[in-house]
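Asker: So I've got this file, start-v4.cif, and it contains mmCIF, C-alpha atoms and all ligand atoms:
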data_model
loop_
_atom_site.label_atom_id
_atom_site.label_comp_id
_atom_site.auth_asym_id
_atom_site.auth_seq_id
_atom_site.Cartn_x
_atom_site.Cartn_y
_atom_site.Cartn_z
CA MET S 4 9.66 12.60 5.53
CA THR S 5 7.98 15.02 7.86
CA GLU S 6 9.88 17.99 9.19
CA ASP S 7 11.93 17.27 12.27
CA LYS S 8 10.97 13.61 12.24
CA GLU S 9 12.92 11.70 14.83
CA MET S 10 14.49 8.47 13.58
CA PRO S 11 12.88 5.31 14.87
CA SER S 12 15.73 3.91 16.89
CA GLY S 13 14.09 1.11 18.81
CA GLU S 14 13.29 -2.49 18.37
CA ALA S 15 14.37 -4.52 15.35
CA LEU S 16 11.35 -6.06 13.68
CA ILE S 17 13.44 -7.81 11.04
CA SER S 18 16.93 -9.02 11.71
CA CYS S 19 19.03 -10.26 8.83
CA ARG S 20 22.31 -11.88 9.93
CA SER S 21 25.05 -12.97 7.50
CA VAL S 22 22.49 -14.07 4.93
CA TRP S 23 23.79 -15.71 1.77
CA LYS S 24 21.89 -16.93 -1.24
CA LEU S 25 24.05 -18.89 -3.66
CA TYR S 26 22.74 -20.42 -6.86
CA GLY S 27 24.45 -23.30 -8.66
CA ALA S 28 24.43 -27.09 -8.63
CA LYS S 29 27.18 -27.29 -6.01
CA ALA S 30 25.85 -24.56 -3.70
CA GLY S 31 24.70 -26.89 -0.92
CA GLU S 32 27.86 -28.98 -0.92
CA ILE S 33 30.18 -25.94 -0.91
CA VAL S 34 28.32 -24.23 1.89
CA LYS S 35 28.46 -27.40 3.97
CA LYS S 36 32.21 -27.50 3.45
CA TYR S 37 33.13 -23.86 4.00
CA GLY S 38 30.23 -22.24 5.86
CA GLN S 39 30.76 -18.52 6.50
CA ASN S 40 34.43 -18.96 5.47
CA ILE S 41 33.39 -19.02 1.84
CA ASN S 42 35.09 -16.41 -0.35
CA ASP S 43 35.09 -15.04 -3.90
CA ASP S 44 37.70 -17.55 -5.02
CA ILE S 45 35.66 -20.54 -3.91
CA ILE S 46 32.49 -19.02 -5.36
CA ASN S 47 34.10 -18.42 -8.76
CA LYS S 48 35.91 -21.75 -8.93
CA ASN S 49 32.68 -23.63 -8.32
CA GLY S 50 30.59 -21.60 -10.74
CA LEU S 51 28.20 -20.31 -8.05
CA ILE S 52 26.05 -17.21 -8.49
CA PRO S 53 26.10 -15.13 -5.30
CA ALA S 54 22.68 -13.39 -5.37
CA ALA S 55 23.16 -12.32 -1.74
CA ARG S 56 26.50 -12.28 0.07
CA ASP S 57 26.81 -11.95 3.81
CA VAL S 58 23.92 -9.52 4.13
CA SER S 59 23.25 -8.15 7.62
CA PHE S 60 20.89 -5.41 8.74
CA ASP S 61 17.98 -4.69 11.07
CA VAL S 62 14.70 -3.12 10.07
CA ARG S 63 13.32 -1.13 12.99
CA LYS S 64 9.74 -0.80 14.06
CA GLY S 65 8.07 2.13 12.32
CA GLU S 66 10.81 2.94 9.81
CA ILE S 67 10.89 3.05 6.03
CA PHE S 68 13.89 0.90 5.15
CA VAL S 69 14.78 1.17 1.49
CA ILE S 70 16.93 -1.39 -0.32
CA MET S 71 18.48 0.33 -3.32
CA GLY S 72 20.77 -1.01 -6.01
CA LEU S 73 21.14 -1.49 -9.73
CA SER S 74 19.57 -4.38 -11.60
CA GLY S 75 21.00 -7.71 -10.46
CA SER S 76 22.44 -6.34 -7.21
CA GLY S 77 20.38 -8.73 -5.06
CA LYS S 78 17.51 -6.54 -3.83
CA SER S 79 14.69 -8.91 -4.74
CA THR S 80 16.64 -11.89 -3.46
CA ILE S 81 16.93 -10.36 0.00
CA LEU S 82 13.31 -9.23 -0.03
CA ARG S 83 12.19 -12.74 -0.99
CA CYS S 84 14.30 -14.21 1.79
CA MET S 85 12.65 -11.83 4.29
CA THR S 86 9.18 -12.83 3.15
CA GLY S 87 10.03 -16.53 3.29
CA LEU S 88 9.46 -16.99 -0.45
CA ILE S 89 12.98 -18.29 -0.89
CA GLU S 90 15.27 -19.90 1.62
CA PRO S 91 18.73 -18.44 2.24
CA THR S 92 21.66 -20.77 1.64
CA MET S 93 23.21 -19.59 4.94
CA GLY S 94 22.53 -17.08 7.65
CA GLN S 95 19.69 -16.18 9.96
CA LEU S 96 16.52 -14.21 9.43
CA THR S 97 14.17 -13.25 12.22
CA VAL S 98 10.92 -11.54 11.31
CA SER S 99 8.54 -10.29 13.99
CA GLY S 100 10.16 -12.56 16.56
CA LYS S 101 10.10 -15.69 14.39
CA ASP S 102 13.22 -17.41 13.11
CA LEU S 103 12.38 -18.11 9.47
CA GLY S 104 14.96 -20.90 9.36
CA THR S 105 13.02 -23.03 11.85
CA ALA S 106 9.50 -21.92 10.87
CA SER S 107 7.33 -24.53 9.15
CA ARG S 108 5.87 -23.97 5.69
CA GLN S 109 2.49 -23.46 7.33
CA ASP S 110 3.97 -20.84 9.70
CA LEU S 111 5.45 -18.98 6.75
CA ILE S 112 2.19 -19.02 4.82
CA GLY S 113 0.39 -17.76 7.94
CA MET S 114 2.92 -14.95 8.37
CA ARG S 115 2.57 -13.88 4.75
CA ARG S 116 -1.19 -13.75 5.18
CA LYS S 117 -1.32 -11.95 8.52
CA VAL S 118 1.97 -10.23 9.37
CA MET S 119 3.16 -9.15 5.92
CA GLY S 120 1.60 -6.99 3.26
CA MET S 121 3.14 -7.06 -0.22
CA VAL S 122 3.01 -4.76 -3.22
CA PHE S 123 4.65 -5.67 -6.52
CA GLN S 124 5.79 -3.75 -9.58
CA ASP S 125 3.31 -5.47 -11.90
CA PHE S 126 0.36 -4.78 -9.50
CA ALA S 127 -0.53 -8.51 -9.60
CA LEU S 128 -4.28 -7.85 -9.62
CA LEU S 129 -6.78 -10.56 -10.51
CA PRO S 130 -8.13 -9.38 -13.89
CA HIS S 131 -11.62 -10.87 -13.61
CA LEU S 132 -12.33 -9.44 -10.14
CA THR S 133 -13.65 -5.94 -9.44
CA VAL S 134 -11.64 -3.39 -7.50
CA LEU S 135 -13.59 -4.22 -4.35
CA ASP S 136 -13.11 -7.98 -4.74
CA ASN S 137 -9.41 -7.57 -5.50
CA VAL S 138 -8.94 -5.52 -2.35
CA ALA S 139 -11.05 -7.96 -0.34
CA PHE S 140 -9.22 -11.00 -1.70
CA PRO S 141 -6.68 -11.50 1.15
CA LEU S 142 -9.57 -11.54 3.62
CA LYS S 143 -11.33 -14.18 1.53
CA VAL S 144 -8.18 -16.28 1.78
CA GLN S 145 -8.35 -15.75 5.56
CA GLY S 146 -11.92 -17.10 5.49
CA LYS S 147 -13.65 -13.86 6.53
CA SER S 148 -17.36 -13.42 5.71
CA ARG S 149 -18.41 -11.51 2.60
CA ALA S 150 -19.91 -8.69 4.67
CA GLU S 151 -16.79 -8.34 6.80
CA ARG S 152 -14.35 -8.39 3.89
CA HIS S 153 -16.37 -5.94 1.83
CA ALA S 154 -16.67 -3.52 4.74
CA LYS S 155 -12.90 -3.58 5.25
CA ALA S 156 -12.23 -3.39 1.51
CA ARG S 157 -14.47 -0.30 1.18
CA GLU S 158 -12.51 1.35 3.96
CA MET S 159 -9.23 0.59 2.16
CA VAL S 160 -10.56 1.72 -1.25
CA GLU S 161 -11.48 5.03 0.35
CA LEU S 162 -8.09 5.26 2.05
CA VAL S 163 -6.31 5.15 -1.31
CA GLY S 164 -8.76 7.56 -2.95
CA LEU S 165 -10.62 5.15 -5.24
CA GLU S 166 -14.14 5.51 -3.86
CA GLY S 167 -16.68 5.36 -6.69
CA ARG S 168 -14.58 2.82 -8.60
CA GLU S 169 -15.38 -0.23 -6.49
CA ALA S 170 -17.13 -2.03 -9.36
CA TYR S 171 -14.46 -1.35 -12.00
CA LEU S 172 -12.31 -4.14 -13.41
CA PRO S 173 -8.50 -3.65 -13.38
CA HIS S 174 -8.29 -3.02 -17.14
CA GLU S 175 -10.69 -0.07 -16.74
CA LEU S 176 -8.18 1.71 -14.50
CA SER S 177 -4.98 3.66 -15.22
CA GLY S 178 -1.62 2.25 -14.07
CA GLY S 179 -1.56 4.56 -11.05
CA GLN S 180 -5.09 3.55 -10.08
CA GLN S 181 -4.22 -0.15 -10.48
CA GLN S 182 -1.30 0.31 -8.13
CA ARG S 183 -3.62 2.06 -5.65
CA VAL S 184 -5.70 -1.13 -5.73
CA GLY S 185 -2.52 -3.15 -5.12
CA ILE S 186 -1.69 -0.92 -2.16
CA ALA S 187 -5.23 -1.11 -0.74
CA ARG S 188 -5.19 -4.90 -1.10
CA SER S 189 -1.86 -5.18 0.71
CA LEU S 190 -3.28 -3.23 3.66
CA THR S 191 -6.61 -5.02 4.18
CA THR S 192 -5.12 -7.53 6.57
CA GLU S 193 -3.51 -4.71 8.62
CA PRO S 194 -0.03 -6.17 8.23
CA GLU S 195 2.69 -5.40 10.74
CA ILE S 196 5.32 -5.19 7.99
CA TRP S 197 4.76 -3.75 4.55
CA PHE S 198 7.01 -4.98 1.72
CA LEU S 199 7.04 -3.04 -1.53
CA ASP S 200 9.12 -4.33 -4.46
CA GLU S 201 9.64 -1.57 -7.06
CA PRO S 202 5.97 -0.58 -6.66
CA PHE S 203 6.13 2.54 -8.83
CA SER S 204 8.67 1.47 -11.47
CA ALA S 205 6.04 0.73 -14.12
CA LEU S 206 4.45 4.18 -13.80
CA ASP S 207 5.32 7.27 -15.79
CA PRO S 208 7.25 9.99 -13.93
CA LEU S 209 4.36 12.29 -12.99
CA ILE S 210 2.14 9.50 -11.71
CA ARG S 211 5.15 8.03 -9.99
CA ALA S 212 5.79 11.26 -8.08
CA GLU S 213 2.12 11.40 -7.14
CA MET S 214 2.23 7.83 -5.85
CA GLN S 215 5.36 8.54 -3.81
CA ASP S 216 3.53 11.41 -2.08
CA GLU S 217 0.53 9.17 -1.60
CA PHE S 218 2.73 6.49 -0.08
CA LEU S 219 4.20 8.98 2.42
CA ARG S 220 0.71 10.24 3.27
CA LEU S 221 -0.38 6.67 4.01
CA GLN S 222 2.71 6.00 6.08
CA ASN S 223 2.12 9.13 8.16
CA LEU S 224 -1.36 7.81 8.83
CA LEU S 225 -0.57 4.14 9.38
CA GLN S 226 2.99 4.15 10.79
CA LYS S 227 3.92 0.75 9.36
CA SER S 228 7.33 -0.87 9.36
CA ILE S 229 8.32 -0.85 5.73
CA VAL S 230 10.83 -2.53 3.43
CA PHE S 231 10.84 -0.77 0.08
CA VAL S 232 12.93 -1.95 -2.89
CA THR S 233 13.93 0.41 -5.69
CA HIS S 234 16.69 0.89 -8.25
CA ASP S 235 16.07 4.66 -8.23
CA PHE S 236 18.29 6.62 -5.84
CA ASP S 237 16.11 9.73 -6.00
CA GLU S 238 13.10 7.66 -4.99
CA ALA S 239 15.14 6.10 -2.19
CA ILE S 240 16.23 9.41 -0.67
CA GLY S 241 12.74 10.87 -1.02
CA LEU S 242 11.11 8.04 0.93
CA ALA S 243 13.64 6.42 3.23
CA ASP S 244 14.42 6.77 6.87
CA ARG S 245 17.42 4.55 6.11
CA ILE S 246 18.79 3.10 2.90
CA ALA S 247 20.82 -0.06 2.33
CA ILE S 248 22.80 0.23 -0.90
CA MET S 249 23.49 -3.11 -2.57
CA ALA S 250 26.00 -4.08 -5.25
CA GLY S 251 26.92 -7.58 -6.41
CA GLY S 252 24.81 -9.19 -3.67
CA ARG S 253 26.54 -7.22 -0.89
CA VAL S 254 25.32 -4.36 1.25
CA VAL S 255 27.80 -1.60 0.54
CA GLN S 256 26.48 0.99 2.98
CA ILE S 257 23.52 1.54 5.30
CA GLY S 258 22.57 5.02 6.42
CA THR S 259 20.07 7.83 6.39
CA PRO S 260 19.84 9.72 3.09
CA GLU S 261 21.80 12.49 4.75
CA GLU S 262 24.54 10.13 5.95
CA LEU S 263 24.94 8.59 2.51
CA ILE S 264 25.17 11.94 0.83
CA THR S 265 27.45 13.67 3.30
CA ASN S 266 29.58 10.59 3.94
CA PRO S 267 29.48 8.02 1.13
CA ALA S 268 31.39 4.82 1.97
CA ASP S 269 33.03 4.50 -1.45
CA ASP S 270 33.05 5.79 -5.03
CA TYR S 271 30.13 3.55 -5.96
CA VAL S 272 27.86 5.22 -3.40
CA ALA S 273 29.32 8.65 -4.16
CA LYS S 274 28.35 8.23 -7.81
CA PHE S 275 24.68 7.93 -6.87
CA THR S 276 24.82 10.87 -4.52
CA GLU S 277 26.71 13.42 -6.58
CA LYS S 278 23.74 14.86 -8.44
CA VAL S 279 21.42 15.05 -5.44
CA PRO S 280 20.79 18.63 -4.29
CA ARG S 281 22.17 18.70 -0.75
CA SER S 282 19.53 21.19 0.36
CA LYS S 283 16.93 18.40 0.01
CA VAL S 284 18.72 16.03 2.38
CA VAL S 285 21.03 17.98 4.68
CA SER S 286 19.37 18.96 7.94
CA VAL S 287 19.82 22.17 9.88
CA ARG S 288 21.37 20.12 12.70
CA THR S 289 24.25 19.07 10.46
CA VAL S 290 25.31 22.57 9.44
CA MET S 291 24.39 24.65 12.48
CA GLY S 292 27.02 26.36 14.63
CA PRO S 293 27.04 26.83 18.42
CA VAL S 294 24.51 29.00 20.23
CA ARG S 295 25.70 32.58 20.31
CA ALA S 296 24.63 35.78 22.02
CA GLY S 297 22.08 38.11 20.45
CA LEU S 298 20.17 35.57 18.36
CA THR S 299 16.74 36.83 17.32
CA GLY S 300 13.94 35.59 15.07
CA GLY S 301 13.14 31.99 14.20
CA PRO S 302 13.73 29.57 15.68
CA VAL S 303 14.13 26.94 12.99
CA ALA S 304 13.79 23.23 13.73
CA ALA S 305 17.04 21.26 13.99
CA GLY S 306 15.54 18.41 11.98
CA ALA S 307 14.26 20.63 9.15
CA LEU S 308 15.92 20.38 5.77
CA VAL S 309 18.16 23.28 4.85
CA GLY S 310 16.22 23.77 1.61
CA ASP S 311 12.99 24.22 3.55
CA VAL S 312 14.36 26.97 5.81
CA ALA S 313 16.73 28.66 3.33
CA GLN S 314 14.38 31.50 2.54
CA GLN S 315 13.71 32.17 6.20
CA VAL S 316 17.42 32.25 7.06
CA MET S 317 18.31 34.40 4.07
CA ALA S 318 15.58 36.90 4.93
CA GLY S 319 16.38 37.02 8.65
CA ALA S 320 19.18 38.44 10.75
CA ASP S 321 22.72 37.12 10.17
CA ALA S 322 21.91 33.94 12.08
CA LEU S 323 18.75 32.32 13.41
CA PRO S 324 18.45 30.19 16.53
CA VAL S 325 17.95 26.44 16.04
CA ALA S 326 15.58 24.51 18.32
CA ASP S 327 15.41 20.81 19.15
CA PRO S 328 12.01 19.02 19.16
CA ASP S 329 11.45 20.17 22.77
CA GLY S 330 11.93 23.80 21.81
CA ARG S 331 15.37 24.15 23.44
CA ILE S 332 17.79 26.39 21.55
CA ILE S 333 20.75 24.17 20.63
CA GLY S 334 22.56 26.15 17.94
CA ALA S 335 22.52 28.84 15.30
CA ILE S 336 22.32 28.69 11.54
CA ASP S 337 23.77 31.48 9.46
CA ARG S 338 23.51 32.57 5.85
CA ALA S 339 26.99 31.33 4.93
CA SER S 340 26.21 27.71 5.89
CA VAL S 341 22.89 27.81 4.07
CA THR S 342 24.54 29.24 0.98
CA ALA S 343 27.21 26.52 1.04
CA VAL S 344 24.51 23.83 1.09
CA LEU S 345 22.52 25.52 -1.66
CA LEU S 346 25.66 25.60 -3.79
CA ASN S 347 26.04 21.85 -3.18
CA GLN S 348 29.29 22.26 -1.29
CA SER S 349 30.24 19.97 1.56
CA ALA S 350 28.95 20.96 4.95
CA PRO S 351 31.39 23.16 6.86
CA ALA S 352 33.27 21.11 9.44
N1 LIG W 1 16.79 -18.51 -9.53
C1 LIG W 1 17.98 -17.99 -9.86
N2 LIG W 1 18.94 -18.75 -10.41
C2 LIG W 1 20.14 -18.25 -10.73
N3 LIG W 1 20.49 -16.96 -10.52
C3 LIG W 1 19.58 -16.15 -9.97
C4 LIG W 1 18.28 -16.60 -9.62
N4 LIG W 1 17.60 -15.56 -9.08
C5 LIG W 1 18.43 -14.50 -9.12
N5 LIG W 1 19.61 -14.83 -9.66
C6 LIG W 1 20.77 -13.96 -9.86
O1 LIG W 1 21.06 -13.31 -8.64
C7 LIG W 1 21.43 -11.95 -8.84
C8 LIG W 1 20.54 -11.02 -8.03
O2 LIG W 1 19.22 -11.07 -8.54
P1 LIG W 1 18.02 -10.18 -7.95
O3 LIG W 1 16.79 -10.52 -8.71
O4 LIG W 1 17.97 -10.31 -6.48
O5 LIG W 1 18.52 -8.71 -8.34
P2 LIG W 1 17.74 -7.33 -8.25
O6 LIG W 1 18.66 -6.36 -7.63
O7 LIG W 1 16.41 -7.52 -7.59
O8 LIG W 1 17.54 -6.99 -9.78
P3 LIG W 1 16.30 -6.29 -10.55
O9 LIG W 1 16.27 -4.86 -10.10
O10 LIG W 1 16.68 -6.45 -11.99
O11 LIG W 1 15.07 -7.06 -10.17
C9 LIG W 1 21.37 -11.74 -10.34
O12 LIG W 1 22.66 -11.88 -10.87
C10 LIG W 1 20.47 -12.83 -10.83
O13 LIG W 1 20.77 -13.19 -12.15
#
Reformat the file's structure so that it appears as structure tokens.

Answerer:
Amino acid sequence: MTEDKEMPSGEALISCRSVWKLYGAKAGEIVKKYGQNINDDIINKNGLIPAARDVSFDVRKGEIFVIMGLSGSGKSTILRCMTGLIEPTMGQLTVSGKDLGTASRQDLIGMRRKVMGMVFQDFALLPHLTVLDNVAFPLKVQGKSRAERHAKAREMVELVGLEGREAYLPHELSGGQQQRVGIARSLTTEPEIWFLDEPFSALDPLIRAEMQDEFLRLQNLLQKSIVFVTHDFDEAIGLADRIAIMAGGRVVQIGTPEELITNPADDYVAKFTEKVPRSKVVSVRTVMGPVRAGLTGGPVAAGALVGDVAQQVMAGADALPVADPDGRIIGAIDRASVTAVLLNQSAPA
């Protein structure tokens, strides 16, 4: 995230309301009988598998919304419901103004081709096509001319830093490069919403970190609305504007990385957050004190991370002024609060 980035707070581009996905022979019959009054008892007695249970959230325009949870927690199920690949058993999903429950199959296919871009863990490249033709493929499906799709594909190949490799086949590329192709391909149609399902999980840690930086660079440039699925909490806090934590098909908590870490909803969430260095997620705004007389130096940005300004505060006077995005002085940050964050203690009340 960029320093002092303001949270997108506006319009919901995706709205997920009380979405359930139940597997099992009797799922349809049980849902007809009980509707939203279904409970664990009924689910267990009838041998149903609750892949998603009463999931509700909004994804806002321009945000990176990360769905995080352990294996089997329901992340892919919800993602597939949002992309219309599977149908929820109950609940309502609206994507870019369209109710997926009433959309025709043709509508859904059209949305996946034009409104949504998708990146998968296994890259899903076509092995016999060159980099350029892989990237151009969604435009071929849209019926665009060869000249038009190649021009756009070249632009995308350059965007992800693969110029010079247009004629390579997928097997001639490293894993990281293959995923760059996957990313370029998902962007050729200029989708409104970008879905990424564990896109970096198959990569080794160094390449993975590089790809995460690359992803943020692209997002700064393109400002997409993004749904990103991962089982890695560190990845989630590094990328997300907001995170939904899932367990057993339920959303346990939704919040900014800072909210989850400073105020976990339960022990399950706390367990993920306990090893995260607070200085990488706690903002100056959270730990600053009131404006006081005699402040000199700085100012530091209220939205900056404590870790990024620690050196400046430690080297300065006892306290530095804190400014909001308009440059107004709204508080002061002192060495004691910075030290507390660096030592991973809770923020002073
Ligand atoms: N077609 C299916 N039939 C029966 N059960 C299913 C089906 N698809 C998913 N499930 C079950 O639903 C639960 C959630 O699965 P889902 O794939 O959404 O989890 P996930 O969080 O994406 O896991 P992973 O990180 O391993 O991909 C799991 O218990 C899974 O076994």

Asker: Could you list, as a PDB file with C-alpha atoms, in the frame of the given file, all protein and nucleic acid residues with an atom at most 7 Å from ligand LIG 1 (chain W), counting all atoms listed in the file?

Answerer:
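Final file, part-v5.pdb:
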ATOM      1  CA  TYR S  26      22.740 -20.420  -6.860  1.00  0.00           C
ATOM      2  CA  GLY S  27      24.450 -23.300  -8.660  1.00  0.00           C
ATOM      3  CA  ILE S  52      26.050 -17.210  -8.490  1.00  0.00           C
ATOM      4  CA  PRO S  53      26.100 -15.130  -5.300  1.00  0.00           C
ATOM      5  CA  ALA S  54      22.680 -13.390  -5.370  1.00  0.00           C
ATOM      6  CA  ALA S  55      23.160 -12.320  -1.740  1.00  0.00           C
ATOM      7  CA  GLY S  72      20.770  -1.010  -6.010  1.00  0.00           C
ATOM      8  CA  LEU S  73      21.140  -1.490  -9.730  1.00  0.00           C
ATOM      9  CA  SER S  74      19.570  -4.380 -11.600  1.00  0.00           C
ATOM     10  CA  GLY S  75      21.000  -7.710 -10.460  1.00  0.00           C
ATOM     11  CA  SER S  76      22.440  -6.340  -7.210  1.00  0.00           C
ATOM     12  CA  GLY S  77      20.380  -8.730  -5.060  1.00  0.00           C
ATOM     13  CA  LYS S  78      17.510  -6.540  -3.830  1.00  0.00           C
ATOM     14  CA  SER S  79      14.690  -8.910  -4.740  1.00  0.00           C
ATOM     15  CA  THR S  80      16.640 -11.890  -3.460  1.00  0.00           C
ATOM     16  CA  ILE S  81      16.930 -10.360   0.000  1.00  0.00           C
ATOM     17  CA  HIS S 234      16.690   0.890  -8.250  1.00  0.00           C
ATOM     18  CA  GLY S 252      24.810  -9.190  -3.670  1.00  0.00           C
TER      19      GLY S 252
END

Asker: Mind working out the centre and edge lengths of an axis-aligned box for segment 268-273 of chain S, all listed atoms inside, 8 Å added to each side, rounded to one decimal in Å and written as JSON?

Answerer:
{"center_x": 30.5, "center_y": 6.1, "center_z": -2.0, "size_x": 21.2, "size_y": 21.1, "size_z": 23.9}

Asker: Please, what distance in Å, to one decimal, runs between atom CA of Val98 of chain S and atom CA of Leu16 of chain S?

Answerer: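 We find that atom CA of Val98 of chain S and atom CA of Leu16 of chain S lie 6.0 Å from each other.
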
Asker: Measuring between all atoms listed in the file, which one of S:Glu166, S:Asp235, S:Asp244, S:Asp125 shows the shortest distance to Gly258 of chain S?

Answerer: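 When distances to Gly258 of chain S are compared using all atoms listed in the file, the smallest one comes from S:Asp244.
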
Asker: Provide the atom CA of Leu345 of chain S to atom CA of Lys274 of chain S distance in Å, to one decimal place.

Answerer: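 Straight-line distance from atom CA of Leu345 of chain S to atom CA of Lys274 of chain S works out to 19.3 Å.
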
Asker: Separation of atom CA of Leu162 of chain S and atom CA of Arg115 of chain S, in Å?

Answerer: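 Atom CA of Arg115 of chain S lies 22.1 Å from atom CA of Leu162 of chain S.
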
Asker: Using only C-alpha atoms, give me every residue within 8 Å of (20.3, 36.6, 12.4) in file coordinates, as a PyMOL selection string.

Answerer: chain S and resi 298-300+316+319-324+337

Asker: Select, from S:Val294, S:Glu151, S:Ala212, S:Arg157, the residue with the minimum atom-to-atom distance to Gly334 of chain S, counting all atoms listed in the file.

Answerer: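 Ranked by minimum distance to Gly334 of chain S, first place goes to S:Val294.
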
Asker: Could you give me, as a VMD selection string, the residues within 8 Å of Asp311 of chain S, counting all atoms listed in the file and dropping anything in the same chain fewer than 3 positions from it?

Answerer: chain S and resid 282 to 283 307 to 308 314

Asker: Given the choices S:Trp23, S:Phe203, S:Phe218, S:Tyr171, which gets closest to Gln124 of chain S if the distance is worked out from all atoms listed in the file?

Answerer: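 Of all the options, S:Phe203 lies closest to Gln124 of chain S.
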
Asker: Which of these residues is nearest to Ser228 of chain S, using only C-alpha atoms: S:Asp57, S:Glu193, S:Glu90, S:Glu261?

Answerer: S:Glu193

Asker: Within 9 Å of (8.5, -4.4, 12.3) (file coordinates; all atoms listed in the file), which protein or nucleic acid residues are there? I'd like them as number ranges by chain.

Answerer: S: 14-17, 62-66, 98-99, 195-197, 227-229

Asker: Return the single residue from S:Gly330, S:Gly113, S:Gly50, S:Gly120 that is closest to Leu190 of chain S, with distances computed using only C-alpha atoms.

Answerer: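 Closest residue, counting only C-alpha atoms: S:Gly120.
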
Asker: I need the residue nearest Arg211 of chain S from this list: S:Gly179, S:Thr192, S:Gly38, S:Phe140. Use all atoms listed in the file for the distance.

Answerer: S:Gly179
